[in-house]
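What follows is a single structure, written as structure tokens, with notes after it.
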Amino acid sequence: MTTQELVAQIHKKQSFLCIGLDTDLEKIPAFLLEEEDPIFAFNKAIIDATHDLCVSYKPNIAFYEAYGVQGWSALRKTIKYLNKEYPEIFTIADAKRGDIGNTSTRYAKAFFEDLNFDSITIAPYMGRDSVEPFLQFKDKHTILLALTSNQGAFDFQTKKVDGNELYKEVLSVSTTYEGAENLMYVVGATKAEYLKEIREIVPESFLLVPGVGAQGGSLEDVCKYGMTKGVGLLINSSRGIIYASNQEDFASAARINAKKLQFSMEKELERLN
């Protein structure tokens, strides 16, 4: 999917919502455990109930790897279902990979070619040659971890290197990578006050923003400081939507919470226009 196609979907749906599919067998409704593939059954119900309210889904790969072959099979079924039934959806493999060049190439092939995701999250700590292999795939996007929403972000990301915070160095240097036009960045909603300076470095790039809702981030603040003329934001919500209920109404409850966020996003887009 191209960036232009993503922006078109945002305006069509009046939403820049990304729903995180962090599917945990300990949290899904108990009756689903009787299904042959409870992870996929849960994902399918959530997707069918919310696809018109969001522009993206983001399976967190750890939640699938944790269940071994069963989990990986459920992930494959989920992405295949999305690509077949809702091809307009922008898919994100939240894998946070990052390794030496030849290994990165294999990770890229796994998620871009075999599973056919539109994008993948990448840890940039190993630098240029660990990131550029992902950037060589046409109409695929690499989402670099820049400034995350967890407390440990302050251990390294905001430390100064030659007078500049490390996350700013990540942003600045990454714009020189071959294929940098395919880059997006993770910036936590709980760090909304940093967005103004981030936009000075990457003024038009899309930002994937977790932390709205359960982690206390403000949608209004994120939009105030981070939205661009081309929108430039994907706001992720996981637990606040998919675990809105653990009863038989879980899918309809997820839709209600997704609709609340979509409605707020519609208001922000009206201000943009």
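Residue numbering restarts at 1 for every chain of the structure tokens, chains are lettered A, B, ... in their displayed order, and ligands are numbered from 1 as they appear.
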Residue list (strand (DSSP E or B), DSSP) for segment 36-188 of chain A, as a ChimeraX atom specification: /A:56-60,90-97,119-122,141-147,160-161,164-165,183-187
Segment 2-250 of chain A: residues DSSP assigns to alpha helix (DSSP H), reported as a ChimeraX atom specification: /A:3-13,38-50,62-65,68-85,101-108,128-135,153-156,166-174,195-201,219-226,239-242,250
Residues within 9 Å of segment 136-150 of chain A, only C-alpha atoms, excluding chain neighbours under 6 positions, as number ranges by chain: A: 1-3, 92, 96, 108, 112, 117-124, 157-158, 166-168, 170-171, 174, 178-191, 194, 206-211, 215, 217
Residue nearest Val212 of chain A - candidates A:Thr176, A:Gly240, A:Lys109, A:Asp52, atoms counted: only C-alpha atoms: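 That would be A:Gly240, the residue with the smallest distance to Val212 of chain A.
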Near-segment 224-229 of chain A list (7 Å; only C-alpha atoms; drop same-chain fewer than 4 positions) as a list in words: Leu195, Lys196, Arg199, Glu204, Glu220 and Leu233 of chain A
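What separates atom CA of Gln70 of chain A from atom CA of Asp37 of chain A is a distance of 7.9 Å.
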Near-segment 125-130 of chain A list (6 Å; only C-alpha atoms; drop same-chain fewer than 5 positions) as a list in words: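 Residues near the query, excluding close chain neighbours: Asp99, Ile100, Gly101 and Ser104 of chain A.
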Could you dump the residues just selected with C-alpha atoms as an mmCIF file, in the first residue's frame?
data_model
loop_
_atom_site.group_PDB
_atom_site.id
_atom_site.type_symbol
_atom_site.label_atom_id
_atom_site.label_comp_id
_atom_site.auth_asym_id
_atom_site.auth_seq_id
_atom_site.Cartn_x
_atom_site.Cartn_y
_atom_site.Cartn_z
ATOM 1 C CA ASP A 99 19.693 -7.348 13.208
ATOM 2 C CA ILE A 100 22.682 -7.405 10.832
ATOM 3 C CA GLY A 101 21.956 -6.887 7.160
ATOM 4 C CA SER A 104 17.244 -8.203 8.331
#
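Distances from A:Ala254, A:Ile79, A:Val69, A:Val131 to Arg97 of chain A were compared using only C-alpha atoms, and the smallest one belongs to A:Val131.
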